[in-house]
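This is model-v5.cif. It holds mmCIF, C-alpha atoms, pLDDT in the B column; chains and numbers go by the auth columns.
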```cif
data_data
loop_
_atom_site.group_PDB
_atom_site.id
_atom_site.type_symbol
_atom_site.label_atom_id
_atom_site.label_comp_id
_atom_site.label_asym_id
_atom_site.label_seq_id
_atom_site.Cartn_x
_atom_site.Cartn_y
_atom_site.Cartn_z
_atom_site.B_iso_or_equiv
_atom_site.auth_seq_id
_atom_site.auth_asym_id
ATOM 1 C CA MET A 1 126.715 42.247 186.805 45.00 280 A
ATOM 2 C CA SER A 2 128.839 40.078 184.550 43.00 281 A
ATOM 3 C CA ASP A 3 131.141 39.290 187.513 49.00 282 A
ATOM 4 C CA GLY A 4 128.145 38.124 189.542 46.00 283 A
ATOM 5 C CA VAL A 5 127.053 35.774 186.763 43.00 284 A
ATOM 6 C CA ALA A 6 130.568 34.488 186.324 43.00 285 A
ATOM 7 C CA GLY A 7 130.867 33.844 190.039 44.00 286 A
ATOM 8 C CA ALA A 8 127.654 31.883 190.082 42.00 287 A
ATOM 9 C CA GLU A 9 128.812 29.814 187.135 43.00 288 A
ATOM 10 C CA GLY A 10 132.111 29.210 188.877 45.00 289 A
ATOM 11 C CA ASN A 11 130.231 27.747 191.859 49.00 290 A
ATOM 12 C CA GLY A 12 128.468 25.354 189.492 46.00 291 A
ATOM 13 C CA LYS A 13 125.072 27.015 190.043 47.00 292 A
ATOM 14 C CA PRO A 14 123.407 29.141 187.383 45.00 293 A
ATOM 15 C CA ALA A 15 122.632 32.682 188.452 45.00 294 A
ATOM 16 C CA ARG A 16 118.994 33.596 188.959 47.00 295 A
ATOM 17 C CA GLY A 17 119.343 36.392 186.406 46.00 296 A
ATOM 18 C CA GLY A 18 120.846 33.921 183.946 46.00 297 A
ATOM 19 C CA LYS A 19 117.796 31.686 184.309 44.00 298 A
ATOM 20 C CA ILE A 20 115.454 34.587 183.669 42.00 299 A
ATOM 21 C CA ALA A 21 117.450 35.704 180.646 38.00 300 A
ATOM 22 C CA ALA A 22 117.537 32.187 179.212 41.00 301 A
ATOM 23 C CA ALA A 23 113.796 31.805 179.721 41.00 302 A
ATOM 24 C CA ALA A 24 113.215 35.124 177.966 38.00 303 A
ATOM 25 C CA VAL A 25 115.343 34.048 175.008 40.00 304 A
ATOM 26 C CA ASN A 26 113.538 30.698 174.757 45.00 305 A
ATOM 27 C CA GLN A 27 110.152 32.394 174.963 42.00 306 A
ATOM 28 C CA ALA A 28 111.091 34.946 172.297 40.00 307 A
ATOM 29 C CA SER A 29 112.432 32.241 170.011 66.00 308 A
ATOM 30 C CA VAL A 30 108.932 30.813 169.627 74.00 309 A
ATOM 31 C CA TRP A 31 107.854 33.977 167.817 79.00 310 A
ATOM 32 C CA ASN A 32 110.029 33.471 164.753 79.00 311 A
ATOM 33 C CA ILE A 33 108.997 33.653 161.095 82.00 312 A
ATOM 34 C CA ALA A 34 108.786 29.870 160.697 81.00 313 A
ATOM 35 C CA ASN A 35 106.420 29.461 163.640 80.00 314 A
ATOM 36 C CA LEU A 36 104.367 32.473 162.570 85.00 315 A
ATOM 37 C CA LEU A 37 103.812 30.821 159.189 86.00 316 A
ATOM 38 C CA THR A 38 102.733 27.644 160.957 86.00 317 A
ATOM 39 C CA MET A 39 100.307 29.634 163.117 89.00 318 A
ATOM 40 C CA LEU A 40 98.936 31.291 159.989 90.00 319 A
ATOM 41 C CA ARG A 41 98.336 27.873 158.487 89.00 320 A
ATOM 42 C CA LEU A 42 96.445 26.782 161.591 91.00 321 A
ATOM 43 C CA LEU A 43 94.272 29.911 161.440 92.00 322 A
ATOM 44 C CA LEU A 44 93.559 29.265 157.768 93.00 323 A
ATOM 45 C CA VAL A 45 91.910 25.914 158.570 94.00 324 A
ATOM 46 C CA PRO A 46 88.642 27.296 160.029 95.00 325 A
ATOM 47 C CA ALA A 47 88.688 30.114 157.457 95.00 326 A
ATOM 48 C CA PHE A 48 88.979 27.553 154.664 96.00 327 A
ATOM 49 C CA VAL A 49 86.090 25.472 156.037 96.00 328 A
ATOM 50 C CA MET A 50 83.809 28.512 156.290 96.00 329 A
ATOM 51 C CA LEU A 51 84.647 29.609 152.749 96.00 330 A
ATOM 52 C CA MET A 52 84.287 26.083 151.408 95.00 331 A
ATOM 53 C CA LEU A 53 80.836 25.554 152.909 95.00 332 A
ATOM 54 C CA ALA A 54 79.530 29.090 152.345 94.00 333 A
ATOM 55 C CA ASP A 55 76.242 29.337 150.446 90.00 334 A
ATOM 56 C CA GLY A 56 75.769 25.574 150.394 91.00 335 A
ATOM 57 C CA GLY A 57 79.317 24.804 149.275 92.00 336 A
ATOM 58 C CA TYR A 58 78.719 24.998 145.532 91.00 337 A
ATOM 59 C CA ASP A 59 79.157 28.688 144.730 93.00 338 A
ATOM 60 C CA PRO A 60 82.158 29.097 142.357 93.00 339 A
ATOM 61 C CA ALA A 61 83.127 32.448 143.909 94.00 340 A
ATOM 62 C CA TRP A 62 83.286 31.086 147.450 95.00 341 A
ATOM 63 C CA ARG A 63 85.092 27.992 146.211 95.00 342 A
ATOM 64 C CA SER A 64 87.699 30.218 144.558 95.00 343 A
ATOM 65 C CA LEU A 65 88.262 32.035 147.855 96.00 344 A
ATOM 66 C CA ALA A 66 88.518 28.678 149.631 96.00 345 A
ATOM 67 C CA TRP A 67 91.103 27.606 147.052 96.00 346 A
ATOM 68 C CA ALA A 68 93.105 30.782 147.761 96.00 347 A
ATOM 69 C CA ALA A 69 93.143 29.962 151.487 95.00 348 A
ATOM 70 C CA PHE A 70 94.169 26.379 150.724 95.00 349 A
ATOM 71 C CA ALA A 71 96.896 27.525 148.320 94.00 350 A
ATOM 72 C CA ILE A 72 98.339 29.949 150.895 92.00 351 A
ATOM 73 C CA ALA A 73 98.406 27.141 153.462 90.00 352 A
ATOM 74 C CA MET A 74 100.229 24.821 151.053 88.00 353 A
ATOM 75 C CA ILE A 75 102.760 27.520 150.117 88.00 354 A
ATOM 76 C CA THR A 76 103.531 28.347 153.755 85.00 355 A
ATOM 77 C CA ASP A 77 104.040 24.616 154.328 80.00 356 A
ATOM 78 C CA LEU A 78 106.857 24.710 151.770 78.00 357 A
ATOM 79 C CA PHE A 79 108.600 27.616 153.463 78.00 358 A
ATOM 80 C CA ASP A 80 108.249 27.278 157.240 74.00 359 A
ATOM 81 C CA GLY A 81 110.196 24.044 157.570 71.00 360 A
ATOM 82 C CA HIS A 82 112.908 25.269 155.201 71.00 361 A
ATOM 83 C CA LEU A 83 113.264 28.549 157.095 75.00 362 A
ATOM 84 C CA ALA A 84 113.404 26.774 160.449 71.00 363 A
ATOM 85 C CA ARG A 85 116.204 24.465 159.324 72.00 364 A
ATOM 86 C CA THR A 86 118.154 27.062 157.348 76.00 365 A
ATOM 87 C CA TYR A 87 118.165 29.790 159.997 73.00 366 A
ATOM 88 C CA ASN A 88 118.201 27.512 163.065 76.00 367 A
ATOM 89 C CA LEU A 89 114.669 28.455 164.083 73.00 368 A
ATOM 90 C CA VAL A 90 113.633 24.941 165.108 73.00 369 A
ATOM 91 C CA THR A 91 111.556 24.975 168.323 74.00 370 A
ATOM 92 C CA ASP A 92 109.540 22.408 170.262 74.00 371 A
ATOM 93 C CA PHE A 93 106.392 24.317 169.306 75.00 372 A
ATOM 94 C CA GLY A 94 107.271 24.083 165.620 72.00 373 A
ATOM 95 C CA LYS A 95 108.011 20.360 165.820 74.00 374 A
ATOM 96 C CA ILE A 96 104.517 19.746 167.214 76.00 375 A
ATOM 97 C CA ALA A 97 102.471 22.425 165.441 78.00 376 A
ATOM 98 C CA ASP A 98 103.896 22.004 161.927 79.00 377 A
ATOM 99 C CA PRO A 99 102.692 18.419 161.283 79.00 378 A
ATOM 100 C CA ILE A 100 99.378 19.218 162.987 83.00 379 A
ATOM 101 C CA ALA A 101 98.851 22.196 160.670 85.00 380 A
ATOM 102 C CA ASP A 102 99.737 20.103 157.616 83.00 381 A
ATOM 103 C CA LYS A 103 97.266 17.361 158.424 87.00 382 A
ATOM 104 C CA ALA A 104 94.581 19.788 159.606 91.00 383 A
ATOM 105 C CA ILE A 105 94.324 21.749 156.342 92.00 384 A
ATOM 106 C CA MET A 106 94.513 18.619 154.178 93.00 385 A
ATOM 107 C CA GLY A 107 92.041 16.752 156.360 94.00 386 A
ATOM 108 C CA ALA A 108 89.627 19.684 156.401 95.00 387 A
ATOM 109 C CA ALA A 109 89.742 19.933 152.607 96.00 388 A
ATOM 110 C CA LEU A 110 89.209 16.207 152.046 97.00 389 A
ATOM 111 C CA ILE A 111 86.345 15.949 154.545 97.00 390 A
ATOM 112 C CA CYS A 112 84.608 19.013 153.084 96.00 391 A
ATOM 113 C CA LEU A 113 84.929 17.648 149.547 96.00 392 A
ATOM 114 C CA SER A 114 83.536 14.262 150.558 97.00 393 A
ATOM 115 C CA ALA A 115 80.725 15.839 152.593 96.00 394 A
ATOM 116 C CA LEU A 116 79.744 17.874 149.529 95.00 395 A
ATOM 117 C CA GLY A 117 79.807 14.765 147.348 94.00 396 A
ATOM 118 C CA ASP A 118 82.706 15.939 145.180 95.00 397 A
ATOM 119 C CA LEU A 119 85.118 13.239 146.329 96.00 398 A
ATOM 120 C CA PRO A 120 84.393 9.619 147.327 96.00 399 A
ATOM 121 C CA TRP A 121 84.728 8.961 151.040 97.00 400 A
ATOM 122 C CA TRP A 122 87.051 6.041 150.408 97.00 401 A
ATOM 123 C CA VAL A 123 89.615 8.414 148.869 97.00 402 A
ATOM 124 C CA THR A 124 89.466 10.600 151.978 97.00 403 A
ATOM 125 C CA GLY A 125 89.752 7.498 154.149 97.00 404 A
ATOM 126 C CA VAL A 126 92.806 6.185 152.281 96.00 405 A
ATOM 127 C CA ILE A 127 94.682 9.486 152.415 95.00 406 A
ATOM 128 C CA LEU A 128 93.856 10.399 156.013 95.00 407 A
ATOM 129 C CA GLY A 129 94.308 6.817 157.194 95.00 408 A
ATOM 130 C CA ARG A 130 97.756 6.712 155.626 93.00 409 A
ATOM 131 C CA GLU A 131 98.807 10.047 157.135 89.00 410 A
ATOM 132 C CA LEU A 132 97.635 9.187 160.641 90.00 411 A
ATOM 133 C CA GLY A 133 98.993 5.646 160.396 91.00 412 A
ATOM 134 C CA ILE A 134 102.471 6.750 159.328 88.00 413 A
ATOM 135 C CA THR A 135 102.554 9.390 162.057 83.00 414 A
ATOM 136 C CA LEU A 136 101.719 6.718 164.644 88.00 415 A
ATOM 137 C CA LEU A 137 104.293 4.389 163.104 89.00 416 A
ATOM 138 C CA ARG A 138 107.000 7.051 163.432 81.00 417 A
ATOM 139 C CA PHE A 139 106.261 7.367 167.151 82.00 418 A
ATOM 140 C CA LEU A 140 106.315 3.576 167.624 86.00 419 A
ATOM 141 C CA VAL A 141 109.803 3.161 166.119 85.00 420 A
ATOM 142 C CA ILE A 142 111.347 6.445 167.284 79.00 421 A
ATOM 143 C CA ARG A 143 113.237 4.563 170.009 82.00 422 A
ATOM 144 C CA TYR A 144 115.169 2.817 167.229 81.00 423 A
ATOM 145 C CA GLY A 145 115.675 5.857 165.013 79.00 424 A
ATOM 146 C CA VAL A 146 113.937 8.356 162.750 74.00 425 A
ATOM 147 C CA ILE A 147 112.372 7.439 159.403 76.00 426 A
ATOM 148 C CA PRO A 148 113.602 10.128 156.994 73.00 427 A
ATOM 149 C CA ALA A 149 111.290 11.847 154.534 70.00 428 A
ATOM 150 C CA SER A 150 111.752 10.324 151.095 75.00 429 A
ATOM 151 C CA ARG A 151 111.529 11.882 147.646 83.00 430 A
ATOM 152 C CA GLY A 152 108.454 9.781 147.046 84.00 431 A
ATOM 153 C CA GLY A 153 106.869 11.223 150.177 83.00 432 A
ATOM 154 C CA LYS A 154 107.577 14.766 149.028 83.00 433 A
ATOM 155 C CA LEU A 155 106.152 13.991 145.575 91.00 434 A
ATOM 156 C CA LYS A 156 103.097 12.490 147.267 91.00 435 A
ATOM 157 C CA THR A 157 102.567 15.661 149.289 88.00 436 A
ATOM 158 C CA LEU A 158 102.890 17.851 146.196 90.00 437 A
ATOM 159 C CA THR A 159 100.527 15.679 144.143 95.00 438 A
ATOM 160 C CA GLN A 160 97.971 15.585 146.951 94.00 439 A
ATOM 161 C CA GLY A 161 98.076 19.362 147.257 93.00 440 A
ATOM 162 C CA VAL A 162 97.587 19.900 143.524 95.00 441 A
ATOM 163 C CA ALA A 163 94.815 17.304 143.299 96.00 442 A
ATOM 164 C CA VAL A 164 92.861 18.582 146.302 96.00 443 A
ATOM 165 C CA GLY A 165 93.315 22.165 145.126 95.00 444 A
ATOM 166 C CA MET A 166 91.824 21.256 141.744 96.00 445 A
ATOM 167 C CA TYR A 167 88.842 19.609 143.438 96.00 446 A
ATOM 168 C CA VAL A 168 88.276 22.667 145.609 96.00 447 A
ATOM 169 C CA LEU A 169 87.859 24.767 142.485 94.00 448 A
ATOM 170 C CA ALA A 170 84.591 24.435 140.578 89.00 449 A
ATOM 171 C CA LEU A 171 86.197 23.004 137.442 90.00 450 A
ATOM 172 C CA THR A 172 84.331 21.658 134.415 89.00 451 A
ATOM 173 C CA GLY A 173 85.192 20.052 131.095 93.00 452 A
ATOM 174 C CA TRP A 174 88.664 18.669 130.460 94.00 453 A
ATOM 175 C CA LEU A 175 90.003 20.257 133.659 94.00 454 A
ATOM 176 C CA ALA A 176 87.521 18.217 135.681 93.00 455 A
ATOM 177 C CA THR A 177 88.755 15.103 133.861 95.00 456 A
ATOM 178 C CA LEU A 178 92.372 16.084 134.484 96.00 457 A
ATOM 179 C CA ARG A 179 91.837 16.523 138.212 96.00 458 A
ATOM 180 C CA PHE A 180 90.415 12.991 138.383 95.00 459 A
ATOM 181 C CA TRP A 181 93.676 11.572 137.043 97.00 460 A
ATOM 182 C CA VAL A 182 95.795 13.811 139.257 97.00 461 A
ATOM 183 C CA MET A 183 93.853 12.571 142.277 97.00 462 A
ATOM 184 C CA ALA A 184 94.271 8.990 141.069 97.00 463 A
ATOM 185 C CA ALA A 185 98.037 9.546 140.933 97.00 464 A
ATOM 186 C CA ALA A 186 97.927 11.057 144.429 96.00 465 A
ATOM 187 C CA VAL A 187 96.089 8.013 145.800 97.00 466 A
ATOM 188 C CA VAL A 188 98.598 5.624 144.192 97.00 467 A
ATOM 189 C CA LEU A 189 101.540 7.601 145.602 96.00 468 A
ATOM 190 C CA THR A 190 99.818 7.703 148.988 95.00 469 A
ATOM 191 C CA VAL A 191 99.530 3.911 149.124 96.00 470 A
ATOM 192 C CA VAL A 192 102.972 3.151 147.643 95.00 471 A
ATOM 193 C CA THR A 193 104.879 5.567 149.878 93.00 472 A
ATOM 194 C CA GLY A 194 102.873 4.397 152.871 93.00 473 A
ATOM 195 C CA LEU A 195 103.933 0.784 152.242 94.00 474 A
ATOM 196 C CA ASP A 196 107.532 1.952 151.807 92.00 475 A
ATOM 197 C CA TYR A 197 107.427 3.697 155.197 90.00 476 A
ATOM 198 C CA VAL A 198 106.121 0.486 156.755 92.00 477 A
ATOM 199 C CA ARG A 199 109.046 -1.415 155.179 92.00 478 A
ATOM 200 C CA GLN A 200 111.518 1.164 156.496 90.00 479 A
ATOM 201 C CA ALA A 201 109.988 0.973 159.957 90.00 480 A
ATOM 202 C CA ILE A 202 110.336 -2.842 160.023 91.00 481 A
ATOM 203 C CA VAL A 203 113.972 -2.648 158.886 90.00 482 A
ATOM 204 C CA LEU A 204 114.732 0.116 161.395 88.00 483 A
ATOM 205 C CA ARG A 205 113.185 -1.868 164.241 87.00 484 A
ATOM 206 C CA ARG A 206 115.105 -5.021 163.336 89.00 485 A
ATOM 207 C CA GLN A 207 118.371 -3.096 163.149 88.00 486 A
ATOM 208 C CA GLY A 208 117.682 -1.385 166.454 84.00 487 A
ATOM 209 C CA ILE A 209 116.892 -4.683 168.195 86.00 488 A
ATOM 210 C CA ALA A 210 120.030 -6.295 166.716 84.00 489 A
ATOM 211 C CA GLU A 211 122.217 -3.382 167.843 83.00 490 A
ATOM 212 C CA ARG A 212 120.798 -3.489 171.364 82.00 491 A
ATOM 213 C CA LYS A 213 121.309 -7.236 171.546 81.00 492 A
ATOM 214 C CA ALA A 214 124.912 -6.859 170.388 82.00 493 A
ATOM 215 C CA ALA A 215 125.523 -4.104 172.942 78.00 494 A
ATOM 216 C CA LEU A 216 124.133 -6.276 175.756 81.00 495 A
ATOM 217 C CA GLU A 217 126.341 -9.200 174.717 73.00 496 A
ATOM 218 C CA GLU A 218 129.397 -6.923 174.778 76.00 497 A
ATOM 219 C CA THR A 219 128.606 -5.663 178.282 77.00 498 A
ATOM 220 C CA GLU A 220 128.079 -9.229 179.531 68.00 499 A
ATOM 221 C CA GLU A 221 131.483 -10.243 178.198 64.00 500 A
#
```
This entry written out as structure tokens:
Amino acid sequence: MSDGVAGAEGNGKPARGGKIAAAAVNQASVWNIANLLTMLRLLLVPAFVMLMLADGGYDPAWRSLAWAAFAIAMITDLFDGHLARTYNLVTDFGKIADPIADKAIMGAALICLSALGDLPWWVTGVILGRELGITLLRFLVIRYGVIPASRGGKLKTLTQGVAVGMYVLALTGWLATLRFWVMAAAVVLTVVTGLDYVRQAIVLRRQGIAERKAALEETEE
């Protein structure tokens, strides 16, 4: 069998069995631990919404269960990307599903909180608008390069997760006051890092255009 494959490769044409084997490997690679964590996070989104809105959305017990679902989603977000990069488990599915899962759980939490009157709609609008806007911006400038994730962006994500998690819980007293300030910090980081990404995108585009122009001038010479 190995001789047959080798002969096919020697003729410059991949063997039919080789194609089937490669397809099987690629298909199996989707079912790795990183992607399974991403799938779990996607499944947690509807579960979180149901728990959050159960019994009118104000029962402390249901809110605690909703917080648990949200916390699990945030924790898996920390691990799936790291596992994919560390153990070479990066797949096309993961590249698409991971950011969708991130924005889905955060968006669901923010919309539920605003719908219940716990969080002003403008806060939800600022955070979701920034996330969707930066995602679109990345696609617009991807022909010139990739905007890397910054430390500020990672801090923003962490602060958002903590703030939203605190709002999901039925907190009172000084903890309710504390979560207000944590959310305020999250909003500030959201705006500041968003503006920084816009700056990086402008610089990246200018550099890309300049490099292309220089390359064209060299070919013309």
Run through the PyMOL selection byres ((chain A and resi 462) around 10) on the given coordinates and return the selected residues as an MDAnalysis selection string. chainID A and resid 398 402 438:443 445:446 457:461 463:468
File of the preceding selection, C-alpha atoms, as a PDB file, in the coordinates of the input:
```
ATOM      1  CA  LEU A 398      85.118  13.239 146.329  1.00 96.00           C
ATOM      2  CA  VAL A 402      89.615   8.414 148.869  1.00 97.00           C
ATOM      3  CA  THR A 438     100.527  15.679 144.143  1.00 95.00           C
ATOM      4  CA  GLN A 439      97.971  15.585 146.951  1.00 94.00           C
ATOM      5  CA  GLY A 440      98.076  19.362 147.257  1.00 93.00           C
ATOM      6  CA  VAL A 441      97.587  19.900 143.524  1.00 95.00           C
ATOM      7  CA  ALA A 442      94.815  17.304 143.299  1.00 96.00           C
ATOM      8  CA  VAL A 443      92.861  18.582 146.302  1.00 96.00           C
ATOM      9  CA  MET A 445      91.824  21.256 141.744  1.00 96.00           C
ATOM     10  CA  TYR A 446      88.842  19.609 143.438  1.00 96.00           C
ATOM     11  CA  LEU A 457      92.372  16.084 134.484  1.00 96.00           C
ATOM     12  CA  ARG A 458      91.837  16.523 138.212  1.00 96.00           C
ATOM     13  CA  PHE A 459      90.415  12.991 138.383  1.00 95.00           C
ATOM     14  CA  TRP A 460      93.676  11.572 137.043  1.00 97.00           C
ATOM     15  CA  VAL A 461      95.795  13.811 139.257  1.00 97.00           C
ATOM     16  CA  ALA A 463      94.271   8.990 141.069  1.00 97.00           C
ATOM     17  CA  ALA A 464      98.037   9.546 140.933  1.00 97.00           C
ATOM     18  CA  ALA A 465      97.927  11.057 144.429  1.00 96.00           C
ATOM     19  CA  VAL A 466      96.089   8.013 145.800  1.00 97.00           C
ATOM     20  CA  VAL A 467      98.598   5.624 144.192  1.00 97.00           C
ATOM     21  CA  LEU A 468     101.540   7.601 145.602  1.00 96.00           C
TER      22      LEU A 468
END
```
At a cut-off of 7 Å, using all atoms listed in the file, what residues contact segment 330-333 of chain A? Leave out same-chain residues fewer than 2 positions from it and give the result as an MDAnalysis selection string. chainID A and resid 326:328 335:336 341:342 344:345
One decimal, Å: what's the distance from atom CA of Ile312 of chain A over to atom CA of Leu434 of chain A, could you say?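 Answer for the atom CA of Ile312 of chain A to atom CA of Leu434 of chain A separation: 25.2 Å.
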Can you pull out every residue within 12 Å of Ala348 of chain A, counting all atoms listed in the file, but drop anything in the same chain fewer than 3 positions away, and send it as number ranges by chain? A: 319-331, 341-345, 351-355, 384-385, 387-388, 444, 447-448
Pick from A:Val425, A:Asn314, A:Leu415, A:Gly431, whichever lies nearest to Arg364 of chain A using all atoms listed in the file: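 Comparing A:Val425, A:Asn314, A:Leu415, A:Gly431 against Arg364 of chain A, the winner is A:Asn314.
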Could you check how far atom CA of Ala350 of chain A sits from atom CA of Asp381 of chain A, in Å to one decimal?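 According to the coordinates, atom CA of Ala350 of chain A and atom CA of Asp381 of chain A are separated by 12.2 Å.
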Distance atom CA of Asp475 of chain A-atom CA of Thr414 of chain A, one decimal place?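 The value is 13.6 Å.
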Neighbouring residues of Ile481 of chain A were defined as those with any atom within 12 Å, considering only C-alpha atoms; residues of the same chain fewer than 3 positions away were excluded. Please report them as an NGL selection string. :A and (416-417 or 419-421 or 423-424 or 426 or 474-478 or 484-488)
Rank nothing, just name the residue among A:Val470, A:Ala347, A:Ala376, A:Ala340 nearest to Leu315 of chain A, using all atoms listed in the file.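 Of A:Val470, A:Ala347, A:Ala376, A:Ala340, the one nearest Leu315 of chain A is A:Ala376, counting all atoms listed in the file.
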Under the rule that all atoms listed in the file are counted, which of A:Leu395, A:Val471, A:Leu407, A:Leu483 is the nearest residue to Arg422 of chain A?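 For Arg422 of chain A, the nearest of the candidates is A:Leu483.
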Best match for closeness to Thr436 of chain A among A:Ile406, A:Ala383, A:Leu450, A:Val369, counting only C-alpha atoms: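 Looking at the shortest contact to Thr436 of chain A, the residue is A:Ile406.
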